[in-house]
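**Q** Submitted below is the structure of interest, expressed as structure tokens.
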Amino acid sequence: IKHLILYCSRPFVTAQSAFYMKSFLALNRASPDPTLNTRLTLPWVMSEHFFENENRVEQLLDLASQNIYPMKYEVQEQQYHALRAHDLRKELADISIPTTLLMGDADLLVPVKLSRWMAQQIPMARYRLIEGAPHSWHLEQPEAFIQTLMPILKEVP
């Protein structure tokens with residue numbers, strides 16, 4: 001590995017993110033409808049700007065309804081428990097390669113103060129805060145995401 005890029009990453013799960021994940025699990029247990037579940041979780045992962053274009057919202061909901069391999073509830077539950085146990089705060093200082101952290105200032109699941117702190121703990125880290133970017137910025141603004149990512153990748157020897 002010559003360069004590490006962390007996107008909307010966190011070294012541990014905050015109480016707010018844990019609440020979101022637990023709520024998402026409860027929703028999926030109560031209703032297996034992927035369109036309804038996507039509709040109810042979109043405000044957590046998309047920016048306010050995303051919802052101004054109703055066609056894009058409907059497109060995303062349509063894609064969710066077409067997923068022929070949705071994640072099973074049991075797997076989601078295992079993922080929840082793995083994330084709750086995840087805590088790499090003490091290991092961040094051991095990252096010994098150049099690292100770029102891409103974070104959004106509109107990310108509800110990864111607070112800006114946490115991502116900034118994380119960048120300070122990694123010895124060779126660069127921190128890039130993207131204005132208006134939510135947790136799923138790569139889905140909401142794929143062109144802007146690629147335009148941000150490509151120069152970073154081109155710098156890697």
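Identifiers for the structure tokens are assigned positionally: chains receive A, B, ... in sequence, residues are indexed from 1 per chain, and ligands are indexed from 1 in the order shown.
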Which neighbours of Val57 of chain A fall inside 12 Å, counting only C-alpha atoms, when residues of the same chain fewer than 4 positions from it are skipped, and could you give them as an MDAnalysis selection string?
**A** chainID A and resid 35 38:40 42:43 46:53 61:64 139:140
**Q** Based on DSSP run over this structure's backbone, return all residues of segment 52-113 of chain A in alpha helix (DSSP H), as an MDAnalysis selection string.
**A** chainID A and resid 54:65 73:85 112:113
**Q** Would you mind telling me which residue in A:Gly104, A:Pro11, A:Pro98, A:Pro70 lies nearest to Ala125 of chain A when using only C-alpha atoms?
**A**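 Closest residue, counting only C-alpha atoms: A:Pro98.
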**Q** Considering only C-alpha atoms, state which residue in the set A:Thr148, A:Gln59, A:Gln16, A:Gln66 is at the smallest distance from Pro34 of chain A.
**A**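 Closest candidate: A:Gln66.
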**Q** Here is a test: counting only C-alpha atoms, which residue of A:Glu54, A:Leu83, A:Met71, A:Leu36 is nearest to Phe19 of chain A?
**A**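 The closest residue to Phe19 of chain A is A:Leu83.
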**Q** Excluding Lys90 of chain A and residues on its chain fewer than 6 positions from it, collect all residues at most 12 Å away from it, counting only C-alpha atoms, and give them as a PyMOL selection string.
**A** chain A and resi 11-12+118+121-122
**Q** Can you write out the residues you just picked, keeping C-alpha atoms, as a compact mmCIF listing (two decimals), in the first residue's frame?
**A**
```
# COMPACT_ATOMS: atom_id res chain seq x y z
CA PRO A 11 -12.03 5.19 14.27
CA PHE A 12 -15.05 4.31 16.42
CA MET A 118 -8.56 11.37 13.45
CA GLN A 121 -3.59 11.26 15.08
CA ILE A 122 -2.24 9.84 11.80
```
**Q** Residues near Leu109 of chain A, anyone? I mean within 8 Å using only C-alpha atoms, not counting same-chain ones fewer than 5 positions away, as an mmCIF file with all heavy atoms, in the first residue's frame.
**A**
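Once written, out-v3.cif looks like this:
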```
data_model
loop_
_atom_site.group_PDB
_atom_site.id
_atom_site.type_symbol
_atom_site.label_atom_id
_atom_site.label_comp_id
_atom_site.auth_asym_id
_atom_site.auth_seq_id
_atom_site.Cartn_x
_atom_site.Cartn_y
_atom_site.Cartn_z
ATOM 1 N N GLN A 16 -24.441 8.728 18.547
ATOM 2 C CA GLN A 16 -25.448 9.113 17.548
ATOM 3 C C GLN A 16 -25.462 8.125 16.382
ATOM 4 O O GLN A 16 -26.526 7.699 15.935
ATOM 5 C CB GLN A 16 -25.183 10.526 17.031
ATOM 6 C CG GLN A 16 -26.217 10.982 16.013
ATOM 7 C CD GLN A 16 -25.920 12.360 15.440
ATOM 8 O OE1 GLN A 16 -24.811 12.869 15.558
ATOM 9 N NE2 GLN A 16 -26.911 12.965 14.826
ATOM 10 N N SER A 17 -24.285 7.743 15.885
ATOM 11 C CA SER A 17 -24.222 6.769 14.791
ATOM 12 C C SER A 17 -24.755 5.409 15.235
ATOM 13 O O SER A 17 -25.430 4.723 14.471
ATOM 14 C CB SER A 17 -22.792 6.626 14.279
ATOM 15 O OG SER A 17 -22.408 7.769 13.573
ATOM 16 N N TRP A 44 -30.445 10.753 6.491
ATOM 17 C CA TRP A 44 -29.232 10.587 7.290
ATOM 18 C C TRP A 44 -27.968 10.598 6.437
ATOM 19 O O TRP A 44 -26.893 10.904 6.930
ATOM 20 C CB TRP A 44 -29.278 9.259 8.051
ATOM 21 C CG TRP A 44 -30.129 9.312 9.260
ATOM 22 C CD1 TRP A 44 -31.477 9.083 9.336
ATOM 23 C CD2 TRP A 44 -29.710 9.628 10.583
ATOM 24 N NE1 TRP A 44 -31.902 9.224 10.635
ATOM 25 C CE2 TRP A 44 -30.833 9.550 11.418
ATOM 26 C CE3 TRP A 44 -28.479 9.939 11.142
ATOM 27 C CZ2 TRP A 44 -30.773 9.799 12.775
ATOM 28 C CZ3 TRP A 44 -28.413 10.175 12.507
ATOM 29 C CH2 TRP A 44 -29.554 10.101 13.301
ATOM 30 N N VAL A 45 -28.088 10.196 5.171
ATOM 31 C CA VAL A 45 -26.892 10.006 4.351
ATOM 32 C C VAL A 45 -26.778 10.947 3.162
ATOM 33 O O VAL A 45 -25.753 10.969 2.481
ATOM 34 C CB VAL A 45 -26.769 8.536 3.876
ATOM 35 C CG1 VAL A 45 -26.594 7.608 5.069
ATOM 36 C CG2 VAL A 45 -27.950 8.128 3.020
ATOM 37 N N HIS A 135 -22.728 12.030 4.030
ATOM 38 C CA HIS A 135 -22.081 10.727 4.195
ATOM 39 C C HIS A 135 -22.001 9.969 2.866
ATOM 40 O O HIS A 135 -21.012 9.301 2.593
ATOM 41 C CB HIS A 135 -22.839 9.896 5.245
ATOM 42 C CG HIS A 135 -22.092 8.688 5.682
ATOM 43 N ND1 HIS A 135 -20.930 8.749 6.429
ATOM 44 C CD2 HIS A 135 -22.324 7.366 5.465
ATOM 45 C CE1 HIS A 135 -20.490 7.532 6.664
ATOM 46 N NE2 HIS A 135 -21.314 6.677 6.075
#
```
**Q** Which residue out of A:Ala106, A:Leu149, A:Ala133, A:Val75 has the minimum interatomic distance to Asn28 of chain A when only C-alpha atoms are used?
**A** A:Val75
**Q** Would you list, as JSON, numbers by chain, the residues of chain A that end up in strand (DSSP E) under DSSP run on this structure's backbone?
**A** {"A": [4, 5, 6, 7, 99, 100, 101, 102, 103, 104, 125, 126, 127, 128, 129, 130]}
**Q** Just the number, please: distance in Å from atom CA of Gly132 of chain A to atom CA of Asp105 of chain A, one decimal.
**A**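 The value is 5.8 Å.
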**Q** In Å, rounded to a single decimal, give me how far atom CA of Gln120 of chain A is from atom CA of Met150 of chain A.
**A**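 Interatomic distance here is 23.5 Å.
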**Q** Contacts of His3 of chain A at 7 Å or less, counting only C-alpha atoms, minus same-chain residues fewer than 5 places along, as JSON, numbers by chain?
**A** {"A": [97, 98, 99, 156]}
**Q** Tell me, in Å to one decimal, how far atom CA of Arg126 of chain A is from atom CA of Met21 of chain A.
**A**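 About the pair atom CA of Arg126 of chain A and atom CA of Met21 of chain A: they are 28.5 Å apart.
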**Q** Given only C-alpha atoms as the basis, pick out the residue of A:Arg10, A:Ile5, A:Thr41, A:Pro157 nearest to Leu102 of chain A.
**A**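 Of all the options, A:Ile5 lies closest to Leu102 of chain A.
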